[in-house]
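Asks: One structure, pasted below without further comment.
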Amino acid sequence: MRKYYRRSLLSLILALIFVTVQGLATVGLAAKTPKPPKPKVTSAKLTILATSDVHGHILPWNYLIPKVENIGLSKAYSIIQKERALNPYNIVVDAGDFLQGSPLDSYYSKETNWSNNIHPMIQMYNYMSYDAVVLGNHEFNYGKTFLGKVIAGANFPVLSANTYDLKSGKVWAPVKPYTIKEVEIVQDKAKAKVKVAIIGVTTPAIPNWENAQNYAGLEFHDQVDATRRLVTQLRKQVDVILIVTHSGVEIDGQESFLNENQAAAIARACPEATLIVSGHKHAVIDNSNAIKDGNRQVVYDRGIIAGVPVMSPGRWATHVSRAEIYLERPTGKGPWMVREVSTANLPVADAPEDKRLSDLAWPYQDTTLQYLNTQIGNSTGLFSATDANLKDTPIIDLVNDVQRYYGKAQLASAAMFNSKAVIKPGVVKLQDIYSLYTFENYLYTIRVSGSQLRQYLEHAARYYKQYSPDSPIIGTNGADGSIADYNYDMVQGVNYTVDITLPTGSRIKDLTYQGTPVQDNDSFTLALNNYRYNGGGGYMAAMGFSTTTPAQVLFDSQKAYGDGGQIRDLIARYVQEKGSISPAADSHWTLFTGKTPVVPENINDGVVSPADNATDDNQ
């Protein structure tokens, strides 16, 4: 029995040893078998979608004509939603100028009882889930306090790295210089983050157009310095650098103001930038739309400057700019590398309206249209802006009559803002006045000499190309195509002839005031808008005025009437006071082509008015 137990115990011990050895061998074998590698994300596509210069256009409605048109955020949002469905890794930005430019914007700048205390445009951007919006120059049209209230309602960062508070010496508190967006990429159970820096800057030329009280306490620094500093700071922290600037691509020799447009300078100063989104000039730029000068000559091919892609979506949400950024990191570790950037502009023409956004916007639209339908007086005949930049017309004379009346001035200057503006016989409505005068300008009256008046008119006459009988076409927009229609002024109160057979600087002939030739030392009072007074179009500089030698101001409608002092409001007030207006033009100025004064019937078919320049907007 003892032998049996000894054998059994020995057998058990041997069995245990065998099992243990086998187990250890198995463990050793397992240890030598490599585990399958963890999945890694080695490539990704990031989509950037952008709007700019929406100017208060939410629904597809052109307030100026008025009629249905392929514009507006409701159609743009359909495109954005479609692109988001195609690629969940996306960022949506706006390059500014959203608070001014439509009657809806104008109405809700005065009616501030907004739903949930949020401005209608901010409500739309919140609903569309924008990642960032940049300030444009027109955001300052209603003053700093108003703008601060608007920004407070945003669910997204509002950017302007070069807008500084004079007291603190820092970026103005309601805005941020940049934001960093982390986009998580998920592929085959693997995850990776792409860090995107969004830097926003605004044209620093705002003081050249805006009344000082509207940006009191602020200063606008150079965009290139601001972006260069931030790119240097952020380039090692992020994978993608997106610069969004409310300024256009500057073209040498065609810039009204130093540093107004700086997109090209930013590209040259910041080669690390992945992409620049540009606004302000209302251009459409991408890989298929080269950057051209005023004569439509290509300056930058495929929308690329110094190796940096630039895209711009035009105005009024007619397009959504799209950039597809292809990224890779072959080992699945370390920073992402940008392999390719492809840009395009997606037109909203064939896109449906987004119903939910339209429903959200409709109460504001309905209220605006009711406001525009307000009757203010009557007209005994037709006022039309057709050929208003080629002949004296009752509709421009009406604007100048209003400006002389309220500005108590001998003379007044005005430009054609909307070539399709019309006041028909019968009832005059606010709609007619908004179509005629599209900007939030105030009225100034200044004192000028006879010599300065001539300089003003000669500066305006640059608008016409020199006439040649060999090519009998009345060319407009300046010798290089850079002078927009809204920068051609016609002066009421004097008589003169513009001889376009002569070179610029010597075209004004037969300049008289009340039948008497104007002398250099004569003195006149001239009514003009604040855009002109602050330097817009270069007229003040042409007369020799500057910050060190300012003009004498005799009247300021913003001080006299507050918000009601906008020229558009003064025109409406004038019609209401008169009760009835009648079209009349005194032919106080004419074009001359060498033989006889040009008559409209001879030139209607020869007008050159490049659309590229008609959409330029630093007004």
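Ordering of the structure tokens sets the chain letters (A, B, ...); residue numbers start at 1 within each chain; ligands are numbered from 1 in the order shown.
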Please extract the residues of region 460-619 of chain A with a backbone DSSP assignment of helix (DSSP H, G or I) and present them as JSON, numbers by chain.
Replies: {"A": [460, 461, 485, 486, 487, 530, 531, 532, 533, 536, 537, 538, 539, 540, 541, 542, 557, 558, 559, 560, 561, 562, 563, 564, 565, 567, 568, 569, 570, 571, 572, 573, 574, 575, 576, 577, 578, 600, 601, 602, 604, 605, 606, 611, 612, 613, 614]}
Asks: Using only C-alpha atoms, which protein or nucleic acid residues come within 7 Å of Leu443 (chain A)? Drop anything in the same chain fewer than 3 positions from it, and give the result as a count of residues only.
Replies: 8
Asks: Extract, using only C-alpha atoms, all DNA, RNA and protein residues at most 12 Å from Ala388 (chain A), discarding same-chain residues fewer than 3 positions from it, and format them as a PyMOL selection string.
Replies: chain A and resi 383-385+391-397+414-422+436+485-486+488-490+585+587+589-591+600+603-604+607
Asks: Would you list the contacts of region 77-93 of chain A as a count of residues only, taking every protein, DNA or RNA residue within 7 Å and counting only C-alpha atoms, but skipping same-chain residues closer than 2 positions in sequence?
Replies: 20
Asks: Determine the nearest neighbour of Val134 (chain A) from the options A:Asn70, A:Gln519, A:Ser278, A:Thr374, counting only C-alpha atoms.
Replies: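 Of A:Asn70, A:Gln519, A:Ser278, A:Thr374, the one nearest Val134 (chain A) is A:Ser278, counting only C-alpha atoms.
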Asks: Please provide as a list of chain:residue names all residues within 9 Å of Ile304 (chain A), with the sequence filter that same-chain residues fewer than 4 positions apart are discarded (counting only C-alpha atoms).
Replies: A:Ala267, A:Asp286, A:Asn287, A:Ala290, A:Ile291, A:Tyr300, A:Val308, A:Pro309, A:Val310, A:Met311
Asks: To one decimal place, how far is CA of Asp239 (chain A) from CA of Asn137 (chain A) in Å?
Replies: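 We find that CA of Asp239 (chain A) and CA of Asn137 (chain A) lie 29.9 Å from each other.
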Asks: Find the spatial neighbours of Gly72 (chain A), counting only C-alpha atoms, within a cut-off of 8 Å - ignore same-chain residues fewer than 4 positions away - and output them as a list in words.
Replies: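 In the requested form, the answer reads Val54, His57, Ile58, Leu59, Pro60, Trp61, Ala76, Trp316, Ala317 and Thr318 of chain A.
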Asks: Take the residues just selected and output them with all heavy atoms as a compact mmCIF listing (two decimals), in the first residue's frame.
Replies:
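See part.txt below for the written result:
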```txt
# COMPACT_ATOMS: atom_id res chain seq x y z
N VAL A 54 -21.67 89.15 -46.58
CA VAL A 54 -23.07 88.76 -46.72
C VAL A 54 -23.97 89.98 -46.70
O VAL A 54 -25.02 90.02 -47.34
CB VAL A 54 -23.45 87.76 -45.60
CG1 VAL A 54 -24.93 87.43 -45.64
CG2 VAL A 54 -22.62 86.49 -45.74
N HIS A 57 -27.91 89.66 -46.12
CA HIS A 57 -28.76 88.92 -47.05
C HIS A 57 -28.93 87.50 -46.56
O HIS A 57 -28.04 86.66 -46.71
CB HIS A 57 -28.17 88.96 -48.45
CG HIS A 57 -28.20 90.32 -49.06
ND1 HIS A 57 -27.18 91.24 -48.87
CD2 HIS A 57 -29.13 90.93 -49.83
CE1 HIS A 57 -27.49 92.36 -49.51
NE2 HIS A 57 -28.66 92.20 -50.08
N ILE A 58 -30.09 87.23 -45.97
CA ILE A 58 -30.39 85.91 -45.43
C ILE A 58 -31.19 85.10 -46.44
O ILE A 58 -30.86 83.96 -46.75
CB ILE A 58 -31.16 86.03 -44.11
CG1 ILE A 58 -30.38 86.87 -43.09
CG2 ILE A 58 -31.44 84.64 -43.54
CD1 ILE A 58 -31.16 87.19 -41.83
N LEU A 59 -32.26 85.67 -46.94
CA LEU A 59 -33.13 85.00 -47.91
C LEU A 59 -32.79 85.43 -49.33
O LEU A 59 -32.16 86.48 -49.53
CB LEU A 59 -34.59 85.30 -47.59
CG LEU A 59 -35.05 84.85 -46.19
CD1 LEU A 59 -36.50 85.22 -45.96
CD2 LEU A 59 -34.87 83.35 -46.03
N PRO A 60 -33.18 84.66 -50.34
CA PRO A 60 -32.83 84.98 -51.74
C PRO A 60 -33.66 86.13 -52.29
O PRO A 60 -34.50 85.96 -53.18
CB PRO A 60 -33.10 83.66 -52.47
CG PRO A 60 -34.12 82.97 -51.65
CD PRO A 60 -33.84 83.34 -50.23
N TRP A 61 -33.40 87.32 -51.76
CA TRP A 61 -34.18 88.50 -52.15
C TRP A 61 -33.24 89.69 -52.31
O TRP A 61 -32.50 90.03 -51.40
CB TRP A 61 -35.23 88.79 -51.07
CG TRP A 61 -36.12 89.97 -51.37
CD1 TRP A 61 -36.05 91.22 -50.85
CD2 TRP A 61 -37.22 89.97 -52.28
NE1 TRP A 61 -37.03 92.02 -51.35
CE2 TRP A 61 -37.77 91.27 -52.25
CE3 TRP A 61 -37.78 89.01 -53.11
CZ2 TRP A 61 -38.87 91.63 -53.03
CZ3 TRP A 61 -38.88 89.37 -53.89
CH2 TRP A 61 -39.41 90.67 -53.83
N ALA A 76 -27.03 79.27 -49.10
CA ALA A 76 -25.65 78.89 -48.76
C ALA A 76 -25.63 77.78 -47.72
O ALA A 76 -24.76 76.88 -47.77
CB ALA A 76 -24.89 80.11 -48.24
N TRP A 316 -22.81 88.74 -50.73
CA TRP A 316 -24.24 88.44 -50.59
C TRP A 316 -24.52 86.94 -50.57
O TRP A 316 -25.62 86.51 -50.91
CB TRP A 316 -25.05 89.11 -51.71
CG TRP A 316 -25.05 90.60 -51.69
CD1 TRP A 316 -24.27 91.41 -50.92
CD2 TRP A 316 -25.85 91.46 -52.51
NE1 TRP A 316 -24.54 92.74 -51.19
CE2 TRP A 316 -25.50 92.80 -52.16
CE3 TRP A 316 -26.82 91.23 -53.49
CZ2 TRP A 316 -26.10 93.89 -52.78
CZ3 TRP A 316 -27.41 92.33 -54.09
CH2 TRP A 316 -27.05 93.64 -53.73
N ALA A 317 -23.53 86.13 -50.23
CA ALA A 317 -23.68 84.67 -50.20
C ALA A 317 -24.11 84.13 -51.56
O ALA A 317 -24.96 83.23 -51.66
CB ALA A 317 -24.65 84.23 -49.11
N THR A 318 -23.53 84.66 -52.62
CA THR A 318 -23.74 84.08 -53.95
C THR A 318 -22.94 82.80 -54.11
O THR A 318 -23.26 81.96 -54.97
CB THR A 318 -23.32 85.06 -55.06
OG1 THR A 318 -21.94 85.42 -54.87
CG2 THR A 318 -24.19 86.30 -55.06
```
Asks: Among region 90-307 of chain A, which residues carry a DSSP assignment of strand (DSSP E), reported as a PyMOL selection string?
Replies: chain A and resi 90-94+132-134+158-159+163-165+178-187+190-202+218-220+240-246+275-278+284-285+291-292+298-300+304-305
Asks: Take the residues just selected and output them with C-alpha atoms as a PDB file, in the first residue's frame.
Replies:
```pdb
ATOM      1  CA  ASN A  90     -14.938  70.657 -41.551  1.00  0.00           C
ATOM      2  CA  ILE A  91     -14.670  74.238 -40.371  1.00  0.00           C
ATOM      3  CA  VAL A  92     -17.004  77.110 -41.357  1.00  0.00           C
ATOM      4  CA  VAL A  93     -15.912  80.768 -41.215  1.00  0.00           C
ATOM      5  CA  ASP A  94     -17.075  84.197 -42.381  1.00  0.00           C
ATOM      6  CA  ALA A 132     -15.494  81.826 -36.325  1.00  0.00           C
ATOM      7  CA  VAL A 133     -16.517  85.170 -37.828  1.00  0.00           C
ATOM      8  CA  VAL A 134     -14.182  88.103 -38.509  1.00  0.00           C
ATOM      9  CA  VAL A 158     -15.572  86.852 -33.253  1.00  0.00           C
ATOM     10  CA  LEU A 159     -12.026  87.625 -34.394  1.00  0.00           C
ATOM     11  CA  THR A 163      -8.348  95.863 -33.454  1.00  0.00           C
ATOM     12  CA  TYR A 164      -6.862  97.342 -30.284  1.00  0.00           C
ATOM     13  CA  ASP A 165      -8.231  99.172 -27.271  1.00  0.00           C
ATOM     14  CA  TYR A 178      -7.464  83.820 -32.904  1.00  0.00           C
ATOM     15  CA  THR A 179      -9.078  80.553 -31.930  1.00  0.00           C
ATOM     16  CA  ILE A 180      -7.803  76.976 -32.068  1.00  0.00           C
ATOM     17  CA  LYS A 181     -10.202  74.317 -33.305  1.00  0.00           C
ATOM     18  CA  GLU A 182      -9.437  70.651 -32.663  1.00  0.00           C
ATOM     19  CA  VAL A 183     -10.943  68.303 -35.245  1.00  0.00           C
ATOM     20  CA  GLU A 184     -10.976  64.649 -34.208  1.00  0.00           C
ATOM     21  CA  ILE A 185     -10.473  62.242 -37.110  1.00  0.00           C
ATOM     22  CA  VAL A 186     -11.866  58.709 -36.684  1.00  0.00           C
ATOM     23  CA  GLN A 187     -10.785  55.913 -39.071  1.00  0.00           C
ATOM     24  CA  ALA A 190      -8.350  54.807 -34.676  1.00  0.00           C
ATOM     25  CA  LYS A 191      -8.546  58.414 -33.575  1.00  0.00           C
ATOM     26  CA  ALA A 192      -6.327  61.438 -34.178  1.00  0.00           C
ATOM     27  CA  LYS A 193      -6.687  65.180 -33.724  1.00  0.00           C
ATOM     28  CA  VAL A 194      -5.940  67.906 -36.226  1.00  0.00           C
ATOM     29  CA  LYS A 195      -5.331  71.264 -34.584  1.00  0.00           C
ATOM     30  CA  VAL A 196      -6.369  74.285 -36.649  1.00  0.00           C
ATOM     31  CA  ALA A 197      -5.479  77.858 -35.749  1.00  0.00           C
ATOM     32  CA  ILE A 198      -7.967  80.403 -37.135  1.00  0.00           C
ATOM     33  CA  ILE A 199      -6.469  83.910 -37.160  1.00  0.00           C
ATOM     34  CA  GLY A 200      -8.776  86.834 -37.970  1.00  0.00           C
ATOM     35  CA  VAL A 201      -7.788  90.354 -39.065  1.00  0.00           C
ATOM     36  CA  THR A 202      -9.671  93.418 -40.331  1.00  0.00           C
ATOM     37  CA  LEU A 218     -10.012 101.883 -30.821  1.00  0.00           C
ATOM     38  CA  GLU A 219      -7.123 101.745 -33.260  1.00  0.00           C
ATOM     39  CA  PHE A 220      -6.494  99.373 -36.122  1.00  0.00           C
ATOM     40  CA  VAL A 240      -3.100  73.930 -39.975  1.00  0.00           C
ATOM     41  CA  ILE A 241      -2.963  77.738 -40.034  1.00  0.00           C
ATOM     42  CA  LEU A 242      -6.063  79.395 -41.479  1.00  0.00           C
ATOM     43  CA  ILE A 243      -5.937  83.185 -41.888  1.00  0.00           C
ATOM     44  CA  VAL A 244      -9.262  84.957 -42.436  1.00  0.00           C
ATOM     45  CA  THR A 245      -8.891  88.592 -43.450  1.00  0.00           C
ATOM     46  CA  HIS A 246     -11.504  91.216 -44.168  1.00  0.00           C
ATOM     47  CA  LEU A 275      -4.885  78.948 -46.516  1.00  0.00           C
ATOM     48  CA  ILE A 276      -6.073  82.561 -46.626  1.00  0.00           C
ATOM     49  CA  VAL A 277      -9.769  83.426 -46.806  1.00  0.00           C
ATOM     50  CA  SER A 278     -10.131  86.959 -48.200  1.00  0.00           C
ATOM     51  CA  VAL A 284     -14.558  85.392 -56.450  1.00  0.00           C
ATOM     52  CA  ILE A 285     -11.147  83.718 -56.136  1.00  0.00           C
ATOM     53  CA  ILE A 291      -6.761  87.132 -59.370  1.00  0.00           C
ATOM     54  CA  LYS A 292      -6.959  89.903 -61.969  1.00  0.00           C
ATOM     55  CA  VAL A 298      -4.091  87.900 -64.528  1.00  0.00           C
ATOM     56  CA  VAL A 299      -1.881  88.954 -61.609  1.00  0.00           C
ATOM     57  CA  TYR A 300      -1.933  85.732 -59.572  1.00  0.00           C
ATOM     58  CA  ILE A 304      -2.114  81.260 -55.257  1.00  0.00           C
ATOM     59  CA  ILE A 305       0.192  83.951 -53.847  1.00  0.00           C
TER      60      ILE A 305
END
```
Asks: CA of His221 (chain A) and CA of Arg322 (chain A), how far apart in Å?
Replies: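 Separation between CA of Arg322 (chain A) and CA of His221 (chain A): 28.7 Å.
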Asks: What does the distance between CA of Gln297 (chain A) and CA of Thr227 (chain A) come to in Å, to one decimal place?
Replies: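 These atoms are spaced 28.6 Å apart.
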Asks: Considering only C-alpha atoms, can you say which of A:Asn521, A:Ile266, A:Val348, A:Phe545 comes closest to Ile71 (chain A)?
Replies: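 Among the listed residues, the smallest separation from Ile71 (chain A) belongs to A:Val348.
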Asks: May I have the residues within 9 Å of Thr380 (chain A) as a ChimeraX atom specification, using only C-alpha atoms and disregarding those fewer than 2 positions away in the same chain?
Replies: /A:378,382,424-426,580-583
Asks: Got time to write the residues from that selection, C-alpha atoms, as an mmCIF file, in the first residue's frame?
Replies:
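File written: result-v5.cif
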```
data_model
loop_
_atom_site.group_PDB
_atom_site.id
_atom_site.type_symbol
_atom_site.label_atom_id
_atom_site.label_comp_id
_atom_site.auth_asym_id
_atom_site.auth_seq_id
_atom_site.Cartn_x
_atom_site.Cartn_y
_atom_site.Cartn_z
ATOM 1 C CA ASN A 378 -45.696 111.003 -54.368
ATOM 2 C CA LEU A 382 -40.138 108.904 -63.568
ATOM 3 C CA LYS A 424 -41.874 105.509 -60.649
ATOM 4 C CA PRO A 425 -44.733 107.977 -61.044
ATOM 5 C CA GLY A 426 -47.220 107.728 -58.201
ATOM 6 C CA SER A 580 -44.609 115.484 -53.913
ATOM 7 C CA ILE A 581 -41.433 115.457 -56.050
ATOM 8 C CA SER A 582 -41.042 116.069 -59.772
ATOM 9 C CA PRO A 583 -38.178 114.823 -61.994
#
```
